[in-house]
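Below: the structure, in structure tokens.
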Amino acid sequence: MKPAQYWRNKQKIKDYIGKTGQVIASTTIRTSSPGLTHITPYSYVIVDFSGEKKELMGVGNELLEIGDEVVCVMRKMELGAPQELIDYGLKVKKIME
Amino acid sequence: MKVIIAGHHITQFGELWDKSLTDLMEEAIKRAIANSGLKETDIEAVFVSNMGAGQNDNQLHLGALASQMIEGYPSASRLEGACASGGLAVMTAEQALLSGQYKTVLVVGVEKMNDADSSLTTKYLAAAANYSTEFGSTFPGLYAMLANAHMREFGTTRSQLSAVARKNHEHGFANPQAQYHKHFSLDQISNSIPVADPLRLLDCSPITDGAAAVVLTTKKIKDKNKKRAVIIGRGHGQDSLDLANRESLVEIQASTKAAKQAYQMSGLSAQDIEVAEVHDCFTIAEILATEDLGFFKKGDGGRAAETGKTTYGGEVVINPSGGLKASGHPVGATGVKQIAYLAKLLEENKFTKALSHNVGGSGATAVVHILSI
């Protein structure tokens, strides 16, 4: 990832960390793009944050389903070359009862 | 003013290791012009559709590349709208004809996908989504979410998805240029490798090399020995690139908008269409298309496929070429191939009213054409 692109993308992360919402669409991705193969299978979902809808990955191998309540967290995103910036971004995690 | 499909050609689709991007483009151009019976110097402009030559082949400026294959160096430009590039190029060519700027033009769609390794291909196909807001998605992953939504709302089943794939592979036997000529059972499809739940490998269209071209004209052609298809309706719809911002996950609204325009222009309705090439990049995409184009009520697309309503002897023949699923999906060529294939069927008197439906990405862009003879 290019440093300027990384810097721009990270500006909004703080606005979402801790936000909770509900999964309204989901799939489990079992064949991923390069750079994400180390975490497959992973959930890819649309979350409704009280009206604002956002597409996000689930954390780790946690499989999310429609109706699950989730919270936004910051996690490592993609594997890059060793000398590159570590890419952190938003993912969602299931809220346990 | 009518837009006549004067000539057409589709190259072999498949893993064509002996053919380059340039080879495929040149074959499509030369043979479409030969099929039209016109001279190269009759072509006043060329419209090229392609998505990935910049990333895969380090080749841009495709308009100029195509133009130098035609005597007289006609004006040329390139259109890109992900998998809808071909439909957009045909529509743009028609607008140039109908504006009166040109009388005869050529549209060529081409994609050379197999020279790149699979990771690069996956990455460039993912560019059809919104990179910054859909990170982590894959092309099958986005359609998988649509499939889950359809299953949840209408009870569409795994077996109905498989019925689409099986039917299109059966249809593919009638198309000599198809990438695959292979029978698949419902069980083989339903138990193939999982890609993004509920979609499996045999729900997905393949990686394909290929090209297709059509010669379009508004001139009268005197040739009593050949009937030619005419484009009588066209429509172009857009929706949010991000799935999250769509009003519905069980409808591709870009398709319904494009179809409405095309039906209105042609004076026809869905019930008048006898045959259609629809954008089945994934099996769920064909189910959505047959509903969004008005062939079946919303929610009934899966059952229609399962009960034989979308094949010969049913209500409307969907994807007689094998569709993207069996014929292959060379991204930039697909929309042009759909129209070229339907024009040939109409010329052969197999049908009289046809529809093509070409979609970009997960449904942000859609182009619909209606043809008659």
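By order in the structure tokens, chains are A, B, ...; within a chain, residues start at 1; ligands start at 1, following the order shown.
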
Give the residues of chain B that lie within 7 Å of chain A; count only C-alpha atoms, and format the answer as a PDB file with C-alpha atoms, in the first residue's frame.
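Printed below is result.pdb as written:
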```pdb
ATOM      1  CA  SER B 119      -3.607 -13.804  -8.230  1.00  0.00           C
ATOM      2  CA  THR B 122      -8.335 -12.066  -9.056  1.00  0.00           C
ATOM      3  CA  LYS B 123      -6.957  -8.643  -8.188  1.00  0.00           C
ATOM      4  CA  THR B 133     -15.123   0.526   0.743  1.00  0.00           C
ATOM      5  CA  GLU B 134     -15.352  -3.137  -0.249  1.00  0.00           C
ATOM      6  CA  GLY B 136     -11.793  -8.021   1.561  1.00  0.00           C
ATOM      7  CA  SER B 137     -14.631  -8.751  -0.846  1.00  0.00           C
ATOM      8  CA  THR B 138     -14.205 -10.925  -3.893  1.00  0.00           C
ATOM      9  CA  GLY B 141     -18.284 -12.997  -2.483  1.00  0.00           C
ATOM     10  CA  ALA B 144     -22.801 -14.846  -2.740  1.00  0.00           C
ATOM     11  CA  MET B 145     -24.366 -12.212  -0.482  1.00  0.00           C
ATOM     12  CA  ALA B 149     -30.493 -12.766   0.418  1.00  0.00           C
ATOM     13  CA  PRO B 194     -16.793 -23.946  -2.070  1.00  0.00           C
ATOM     14  CA  VAL B 195     -15.773 -20.428  -3.127  1.00  0.00           C
ATOM     15  CA  ALA B 196     -18.001 -18.049  -1.141  1.00  0.00           C
ATOM     16  CA  ASP B 197     -21.031 -19.567   0.587  1.00  0.00           C
ATOM     17  CA  ALA B 244     -24.201  -1.704   1.044  1.00  0.00           C
ATOM     18  CA  ASN B 245     -25.884   1.299  -0.543  1.00  0.00           C
TER      19      ASN B 245
END
```

message: Quick check for you: according to DSSP on this backbone, which residues of stretch 194-295 of chain B are classed as strand (DSSP E)? Reply as a ChimeraX atom specification.
response: /B:194-196,199-200,210-217,230-238,275-277

Write out as a compact mmCIF listing (two decimals) with all heavy atoms, in the first residue's frame which residues come within 7 Å of B:Asn168 when counting only C-alpha atoms, dropping same-chain ones fewer than 3 positions away.
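Okay, part.txt is ready:
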```txt
# COMPACT_ATOMS: atom_id res chain seq x y z
N VAL B 164 -29.30 -23.96 -13.07
CA VAL B 164 -28.86 -22.92 -14.02
C VAL B 164 -27.55 -23.36 -14.68
O VAL B 164 -27.41 -23.32 -15.91
CB VAL B 164 -28.67 -21.57 -13.31
CG1 VAL B 164 -28.03 -20.54 -14.24
CG2 VAL B 164 -30.01 -21.05 -12.78
N ALA B 165 -26.60 -23.80 -13.87
CA ALA B 165 -25.30 -24.21 -14.41
C ALA B 165 -25.43 -25.41 -15.33
O ALA B 165 -24.85 -25.44 -16.42
CB ALA B 165 -24.34 -24.52 -13.25
N HIS B 171 -26.59 -26.19 -23.03
CA HIS B 171 -26.71 -25.28 -24.17
C HIS B 171 -25.36 -25.07 -24.87
O HIS B 171 -25.31 -24.87 -26.08
CB HIS B 171 -27.24 -23.91 -23.70
CG HIS B 171 -28.70 -23.90 -23.39
ND1 HIS B 171 -29.37 -22.76 -23.03
CD2 HIS B 171 -29.64 -24.88 -23.39
CE1 HIS B 171 -30.66 -23.03 -22.82
NE2 HIS B 171 -30.85 -24.33 -23.02
N GLY B 172 -24.29 -25.09 -24.10
CA GLY B 172 -22.96 -24.83 -24.65
C GLY B 172 -22.55 -25.78 -25.77
O GLY B 172 -21.73 -25.43 -26.62
N ASN B 319 -29.76 -17.99 -22.52
CA ASN B 319 -28.36 -18.33 -22.78
C ASN B 319 -28.17 -19.55 -23.69
O ASN B 319 -27.54 -20.55 -23.29
CB ASN B 319 -27.59 -18.50 -21.45
CG ASN B 319 -27.33 -17.16 -20.81
OD1 ASN B 319 -27.09 -16.17 -21.50
ND2 ASN B 319 -27.38 -17.11 -19.49
N GLY B 322 -24.68 -20.97 -24.11
CA GLY B 322 -24.03 -21.52 -22.93
C GLY B 322 -23.79 -20.44 -21.89
O GLY B 322 -23.38 -20.71 -20.77
N GLY B 323 -24.06 -19.19 -22.30
CA GLY B 323 -23.89 -18.06 -21.38
C GLY B 323 -22.43 -17.86 -21.00
O GLY B 323 -21.53 -18.47 -21.57
N LYS B 325 -21.26 -18.88 -18.34
CA LYS B 325 -20.92 -20.07 -17.58
C LYS B 325 -20.19 -21.13 -18.42
O LYS B 325 -19.15 -21.64 -18.02
CB LYS B 325 -22.22 -20.64 -17.00
CG LYS B 325 -22.07 -21.88 -16.17
CD LYS B 325 -21.45 -21.55 -14.83
CE LYS B 325 -20.95 -22.80 -14.15
NZ LYS B 325 -19.70 -23.32 -14.70
N ALA B 326 -20.76 -21.47 -19.59
CA ALA B 326 -20.15 -22.52 -20.42
C ALA B 326 -19.40 -21.94 -21.61
O ALA B 326 -18.35 -22.46 -22.01
CB ALA B 326 -21.22 -23.48 -20.91
```

- request: Take atom CA of A:Ile39 and atom CA of B:Ser132 and report the distance between them in Å, one decimal.
  value: 19.6 Å

- request: Using only C-alpha atoms, determine which residues lie at most 12 Å from B:Lys222, disregarding the query and same-chain residues fewer than 5 positions distant; provide the list as a list of chain:residue names.
  value: B:Ala6, B:Ser36, B:Gly37, B:Leu38, B:Lys227, B:Arg228

Could those selected residues go to a file with N, CA and C atoms, as a PDB file, in the first residue's frame?
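The result, written out as out.pdb:
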```pdb
ATOM      1  N   ALA B   6     -24.687  -5.507 -39.522  1.00  0.00           N
ATOM      2  CA  ALA B   6     -24.296  -5.907 -40.881  1.00  0.00           C
ATOM      3  C   ALA B   6     -23.399  -7.141 -40.879  1.00  0.00           C
ATOM      4  N   SER B  36     -19.741  -9.003 -43.008  1.00  0.00           N
ATOM      5  CA  SER B  36     -20.695  -7.942 -43.365  1.00  0.00           C
ATOM      6  C   SER B  36     -20.802  -7.745 -44.874  1.00  0.00           C
ATOM      7  N   GLY B  37     -19.787  -8.173 -45.607  1.00  0.00           N
ATOM      8  CA  GLY B  37     -19.766  -7.940 -47.058  1.00  0.00           C
ATOM      9  C   GLY B  37     -19.343  -6.521 -47.410  1.00  0.00           C
ATOM     10  N   LEU B  38     -18.978  -5.728 -46.403  1.00  0.00           N
ATOM     11  CA  LEU B  38     -18.535  -4.350 -46.648  1.00  0.00           C
ATOM     12  C   LEU B  38     -17.017  -4.323 -46.810  1.00  0.00           C
ATOM     13  N   LYS B 227     -30.432 -12.163 -44.605  1.00  0.00           N
ATOM     14  CA  LYS B 227     -31.255 -11.334 -43.725  1.00  0.00           C
ATOM     15  C   LYS B 227     -30.348 -10.821 -42.612  1.00  0.00           C
ATOM     16  N   ARG B 228     -30.614  -9.622 -42.152  1.00  0.00           N
ATOM     17  CA  ARG B 228     -29.762  -9.066 -41.088  1.00  0.00           C
ATOM     18  C   ARG B 228     -30.605  -8.635 -39.893  1.00  0.00           C
TER      19      ARG B 228
END
```

- request: Tell me, as a count of residues only, which residues lie within 12 Å of B:Ala163, counting only C-alpha atoms; anything in the same chain fewer than 2 positions away does not count.
  value: 36

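The shortest atom-to-atom distance to B:Gly233, with only C-alpha atoms taken into account, belongs to B:Leu371 out of B:Leu371, B:Leu293, B:Ile29, B:Ala333.
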
query: Contacts of B:Met25 at 12 Å or less, counting only C-alpha atoms, minus same-chain residues fewer than 4 places along, as a PyMOL selection string?
result: chain B and resi 9-12+19-21+29-32+46-50+53+62-63+65-70+106-112+209-214+332-333

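Minimum atom-to-atom distances from B:Ser248, B:Asn114, B:Gln271, B:Thr334 to B:Gly363 were compared using only C-alpha atoms, and the lowest value belongs to B:Ser248.
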
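The nearest approach to B:Lys182 among the residues B:Tyr131, B:Ser327, B:Asn35, B:Ile373, with only C-alpha atoms taken into account, belongs to B:Ser327.
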
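Using only C-alpha atoms, the nearest neighbour of A:Lys10 within the list A:Glu69, A:Leu63, A:Ile86, A:Phe49 is A:Ile86.
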
message: With distances taken over only C-alpha atoms, which residue among B:Leu288, B:Val331, B:Leu24, B:Leu88 lies nearest B:Ser255?
response: B:Leu288

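For stretch 70-75 of chain A, the set of protein, DNA and RNA residues having any atom at most 9 Å away, when counting only C-alpha atoms and skipping those fewer than 3 positions along the same chain, is A:Ile13, A:Lys14, A:Tyr16, A:Ile17, A:Gly18, A:Lys19, A:Thr20, A:Gly21, A:Gln22, A:Val23, A:Val47, A:Val59, A:Leu64, A:Asp87, A:Tyr88, A:Gly89, A:Leu90, A:Lys91, A:Val92, A:Lys93, A:Lys94, A:Ile95, A:Met96.
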
What would the file look like if the residues just selected were written as a short mmCIF file (atom, residue, chain, number, x, y, z; two decimals), in the first residue's frame with C-alpha atoms?
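Produced file again-v9.cif, reproduced below:
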```cif
data_model
loop_
_atom_site.label_atom_id
_atom_site.label_comp_id
_atom_site.auth_asym_id
_atom_site.auth_seq_id
_atom_site.Cartn_x
_atom_site.Cartn_y
_atom_site.Cartn_z
CA ILE A 13 -11.05 4.56 11.55
CA LYS A 14 -11.44 6.27 14.93
CA TYR A 16 -16.09 3.68 13.81
CA ILE A 17 -14.17 1.83 16.53
CA GLY A 18 -16.67 0.66 19.16
CA LYS A 19 -19.73 1.27 16.97
CA THR A 20 -22.28 -1.51 17.14
CA GLY A 21 -24.67 -2.70 14.45
CA GLN A 22 -26.50 -5.68 13.01
CA VAL A 23 -25.45 -7.96 10.15
CA VAL A 47 -23.67 -4.16 8.74
CA VAL A 59 -12.38 -10.91 12.57
CA LEU A 64 -21.12 -14.25 11.08
CA ASP A 87 -2.04 -2.40 7.21
CA TYR A 88 -4.58 -1.93 10.00
CA GLY A 89 -8.26 -1.30 9.36
CA LEU A 90 -11.81 -1.94 10.50
CA LYS A 91 -13.37 -5.35 10.99
CA VAL A 92 -16.39 -6.49 12.97
CA LYS A 93 -16.61 -8.90 15.87
CA LYS A 94 -19.70 -10.70 17.18
CA ILE A 95 -21.04 -9.37 20.49
CA MET A 96 -21.45 -12.33 22.81
#
```

- prompt: Running DSSP on the backbone, which parts of stretch 126-181 of chain B land in helix (DSSP H, G or I), as a PyMOL selection string?
  reply: chain B and resi 126+139-154+158-174
